[in-house]
Amino acid sequence: MATLAAVLATTHHPFYLKATTAPVEEQIPQAAEWKRKVEAYRATLTRAQPDILVMVGADHFHQFFLDNYPTFLIGKAPRYDATFYNEEREFGIPKYVLEGHEDLSRFMHEGLMDRGFDFAFSHELKIDHSIICPIITTRPQADLPVVPIYTNIFAPPLPKPKRFWDLGRAIREVIDAYPSDKRIAAVGSGHLSLELGGPRQFGEHGPDPDFDRKAIEWLSNGDIEAILENVTHESMTQSGNATHGFMDLILMMGIAGPEKAAYVDCLDLYHTMEAYFTWYPGEETP
Amino acid sequence: MSKYYVNKFLYTVDRDPEFLRRYKEEPRAFVTTWEQSIGPRLNESEVTTVTGFTDAEREALINHDYVALFEMGAHFFLSLTIFIAIYDEDYMHKHGPLSFQREFAAKLQHWRGREYPTIAL
Ligand SMILES: [Fe+2]
C-alpha cells in the first residue's frame, strides 16, 4: 500500500514570488524573513521524499464560473497547464506544466465516490494559483506528478466545515488503500481570515488577528472539536468576507487526522496572516 | 437584479486583455458592445436569451463604481481583480504601492461592522 509521507496545509499568498524576487529596495520589510520561513517550510516536504502530490485548492473563477461551478472536483488529466493570463498580470506568477497521475486520479475518484463524495471531474483542467502558490513555495522544481482536487470555498452555498473535515478523512482512507509502493504527500492551500473587495482589505494585518491566532492553535493541536464548535459560515464571514478558504485547511487536517502538527510556523503580513503546517501521519511527533 | 449577469461581465472582461483595455478606455461604449454581442454568448456556437442588466447595474459598470457593485452583491473577487487591473498601476505611480486597494477599502468603510450585501445568487 502507498505511504502517506506528509500532509501540508498552507495559506496561499499570490504575491510571495513577486515580494521575494523584486529588487531589494522595492521589497516589503518582511521579504527576507518570509523567504527564510518558506524555505524552512519547503524542507518539511523535501524530507518526506514524496513521489506523488495530492494537491488541494479552489478555482478562483479561472476555469470555472457561475454557469457551472463544481462543489468538489478532481482532475484526471495526464498533464495540467497552470497560471491564467489574469494571474500572470496581477501576481506575476509564471506558467507551469505539471505532470498528472491518471492512475491515482482514477483510484481517488472511485474511492471518494465509494465513500459518499460524488465528485465532478475534469480531463482538461488548467490549474490556478491555489495550487501553483504551494508549488512555488514547497516544490518549486515542479517535478512531481499531481492529483488536483478543487473545493468550493468561493461561490455560495458552500459545504459546511464538517464536510471538509470528512472529505479529508475520506482522502486519507483512499491514499492508505492505494495499491502502490509510492510515497504520497498531500499539499493543500487555503486562508486564515481574509477580506477581498471589502472595507477590511489590505490592512496592516489580516482582518481578524484574534481568529488567526485561535485558528493556528486549533490546527497545530489537531483540535477538530474546537474548530467544529467555533467555526461556521457566519463566523468566517465575520472574520473577513473571504475567510471560507479556511475550510481547505480543515480538509488538510482531515487527511492528517486529529493529531498535533509536527511543524508550525506563521508570519504576520499586511492584508493577511501566513501560516504553514506539516504533519507526518504515523510518525512519532518530534 | 441580475447579479449573475453582472458577474458574467466582470468575469469575461477580466480574463481578456483586449476587452479589459476597451473597458478601461471607453467604458460606456464597451458596456453597450458587451451587452449586444459578448454577454449573450454561451460558447463559440450557442447564444443565451437569459441576459440583461438593470439600469443601476449598467450604470455601475459604466462608472467603474465598485462601491455600487459591492452593494449589489457582485462577487468580491471579480470586482477587486478587475479594478486592480484597471487602476493599480496608475495609482502606484502617483501614490505608491497598494494605494488603490486602500482607497477601495476606504470607500467601503460605512460597511464595517455591518452585514455585507450577500454575494449569493
Ligand atoms: Fe485565494
# chains A, B, ... in the order shown; residues from 1 in each chain; ligands from 1
$ interface_residues --of "chain B" --to "chain A" --cutoff "6 Å" --atoms "only C-alpha atoms" --output "list in words"
Arg15, Phe76, Leu80, Ala105, Leu108, Gln109 and Ala120 of chain B
$ residues_near_ligand --ligand "ligand 1" --cutoff "12 Å" --atoms "only C-alpha atoms and all ligand atoms" --output "PyMOL selection string"
(chain A and resi 10-15+56-62+87+91+128-134+151-154+188-196+241-248+272) or (chain B and resi 76-77+81)
$ atom_distance --atom1 "CA of Ala186 in chain A" --atom2 "CA of Thr232 in chain A"
24.7 Å
$ residues_around --residues "His75 in chain B" --least-positions-apart "6" --cutoff "9 Å" --atoms "only C-alpha atoms" --output "PyMOL selection string"
(chain A and resi 155+197) or (chain B and resi 3+6-7+10+69+118-120)
$ write_last_selection --atoms "C-alpha atoms" --output "PDB file, in the first residue's frame"
ATOM      1  CA  ALA A 155     -19.384  30.687  -4.582  1.00  0.00           C
ATOM      2  CA  GLY A 197     -13.051  43.680  -2.218  1.00  0.00           C
TER       3      GLY A 197
ATOM      4  CA  LYS B   3     -26.274  39.579 -10.300  1.00  0.00           C
ATOM      5  CA  VAL B   6     -23.012  41.470 -13.696  1.00  0.00           C
ATOM      6  CA  ASN B   7     -20.620  38.765 -12.561  1.00  0.00           C
ATOM      7  CA  LEU B  10     -16.659  41.098 -14.759  1.00  0.00           C
ATOM      8  CA  LEU B  69     -21.203  46.795  -7.258  1.00  0.00           C
ATOM      9  CA  THR B 118     -24.727  38.837   0.040  1.00  0.00           C
ATOM     10  CA  ILE B 119     -22.830  37.569  -2.989  1.00  0.00           C
ATOM     11  CA  ALA B 120     -25.116  34.514  -3.122  1.00  0.00           C
TER      12      ALA B 120
END
$ atom_distance --atom1 "CA of Leu45 in chain A" --atom2 "CA of Ala6 in chain A"
6.8 Å
$ atom_distance --atom1 "CA of Ala40 in chain A" --atom2 "CA of Val264 in chain A"
10.6 Å
$ closest_residue --among "B:Leu20, B:Ile38, B:Glu46, B:Thr51" --to "Tyr5 in chain B" --atoms "only C-alpha atoms"
B:Thr51
